[in-house]
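Participant: Just dropping this structure here.
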Amino acid sequence: METKRLLVQLSIVVHGMLSFSVDCIDRTYFPSSFLFGTATSSFQIEGAYLEDNKSLSNWDILTHIPGRIRDGSNAEIADDHYHRYTEDIELMESLGVNAYRFSISWSRILPRGRLGGTNSLGIAFYNRLINALLLKGIKPFATLNHYDIPQELEVGYGGWLNPQLQEEFGDFADICFREFGDRVKYWATFNEPNIVATYGYRLGSFPPNRCSRGFGDCRSGDSSTEPYVAAHNIILAHATAVEIYRSKYQIKQEGAIGIAVSTTWFLDPIIRGDYPSEMRQILGSRLPKFSGSDKRKLQSKLDFIGINHYMSLYAKDCPECGSVGPEGDALVLTTGERNGVPIGKRTAMPDMFVVPRGMEKIVMYMKQRYENIPIFITENGYPQSSDHSTPLTTLQGADVRGYFIWSLMDNFEWLCGYSLRFGFYHVDYETQVRTPKLSANWYQEFLDNSKLLIKEM
């Protein structure tokens, strides 16, 4: 596990040192108010996919289509967190974390959208979860949307291609703020919305599986325009939720609201009020425009930026790339190798490399571009290969306020199913037994102020 090297890099960022070399690291390298936690998402761990009036989500539908998930699995049970959340909170307590980032299932709260009524049983589950966290001294850090939406919103509206989803999301957010905001002080509106736009509407591998011919296995779609329409509506849905929070809840509840991104092209309109001029120049009429009322809504901005950082890649100009790949319209090519040499240690994911110095680079870029808005590292992790039968074996001045490792435990890893393991805790999916890995032991010792040896940087 590369946690120790990434934490050293993070401590450099937090303390504002140009460079340093240490033999060991402990919790005192970070401010006492710093959040150290782990992260999960509802779809990946909860299971109970049709229990207590929850409706089907678009990911429930996708995972039951043969051939869509690498190992043929689904998330009907996943980690059974819906029934085992108290056990999982005990694992967090044993680690010594002071925060936990989780997502709230839209399909549990508003199973059929805002016209179908609120599900009291779904609200009750998250109340139990939040209260149990607080009893252990663990701060809840809630994400409103982590990829999945109720399938009825896909069928009835056409998903994120329809501007009406802005108001649907606003109503969902309003309910969550009202029901949970007296105890939840950190809110992220969306998790990696750029991934949803790219893989859902350009490459077609995520729901709703829309793309042009040649981009993926899709029945319909337009890869040249729909990713930008979907992204535009998500950006305005974020602004809608922030406006609601600011006007109705924030002063009384004294919380903060932001967004968690995989750091490509989403933040300029949210923070600066419009898309980068380069995007407008390249995309022309394919890029939607913000109306006057949209721009007024975007003035609500955000309180923090969440950065999901797993890897660093080389990038180079590629005018000839055209529409090839996820970055094609940007006329850039990304690669993990230069002159045949990998950028860092390879992982179980072919396009993911361990590059600790990348943490500093992305944090400093965000600091400079967005005027040092507070930052949380909302995800950072390391994948190991697995299958169902795998046995357990033995910046400089940036305002960074927290670090969440992905993930608390092995879980359903989207298109990869259970073939990858990111967790601190190994999960036997047949018995649901959780067992700590060496990384869990390391993190526990670090958070317990033990001085831990750093062998390399």
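In the structure tokens, the first chain shown is A, the next is B, and so on; residue numbers restart at 1 for each chain, and ligands run from 1 in the order shown.
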From a DSSP pass on the backbone, collect the residues of region 191-350 of chain A flagged as alpha helix (DSSP H) and hand them back as a count of residues only.

Facilitator: 52

Participant: Do you have, as a tab-separated table, the list of residues of region 128-232 of chain A lying at most 12 Å from region 24-36 of chain A, each with its nearest atom pair and that distance in Å to one decimal, counting only C-alpha atoms and ordered by chain then number?

Facilitator:
```
residue	atom	partner	partner_atom	distance
A:Gly137	CA	A:Leu35	CA	11.9
A:Ile138	CA	A:Leu35	CA	9.7
A:Lys139	CA	A:Leu35	CA	8.5
A:Pro140	CA	A:Leu35	CA	10.7
A:Phe141	CA	A:Leu35	CA	10.0
A:Tyr186	CA	A:Leu35	CA	11.0
```

Participant: Please determine, counting only C-alpha atoms, which residue among A:Gly72, A:Pro193, A:Gly158, A:Gly397 has the shortest atom-to-atom distance to Leu10 (chain A).

Facilitator: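 Comparing A:Gly72, A:Pro193, A:Gly158, A:Gly397 against Leu10 (chain A), the winner is A:Gly397.
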
Participant: Determine which residues of region 193-439 of chain A DSSP labels as strand (DSSP E or B) from the backbone of this structure, then write them out as an MDAnalysis selection string.

Facilitator: chainID A and resid 256:261 304:308 314:317 332:335 337:338 341:342 345:346 353:354 375:379 381 384:385 400:406 409 420:421 425:428 433:436

Participant: What gap, in Å, lies between CA of Gly170 (chain A) and CA of Gly113 (chain A)?

Facilitator: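 Straight-line distance from CA of Gly170 (chain A) to CA of Gly113 (chain A) works out to 10.9 Å.
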
Participant: Would you kindly return, as number ranges by chain, each protein, DNA or RNA residue with an atom no farther than 12 Å from any atom of region 48-56 of chain A, considering only C-alpha atoms and excluding same-chain residues fewer than 2 positions away?

Facilitator: A: 42-46, 58-64, 74-84, 104-113, 116-125, 148-155

Participant: Gly255 (chain A): which residues within 8 Å, counting only C-alpha atoms, same-chain residues fewer than 6 positions away excluded, as a count of residues only?

Facilitator: 5

Participant: Do a neighbour search on Gly306 (chain A) at 6 Å with only C-alpha atoms, toss out local chain neighbours closer than 2 positions, and write the hits as a list in words.

Facilitator: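 In the requested format, the answer is Ile259, Ala260, Ile375, Phe376, Ile377 and Thr378 of chain A.
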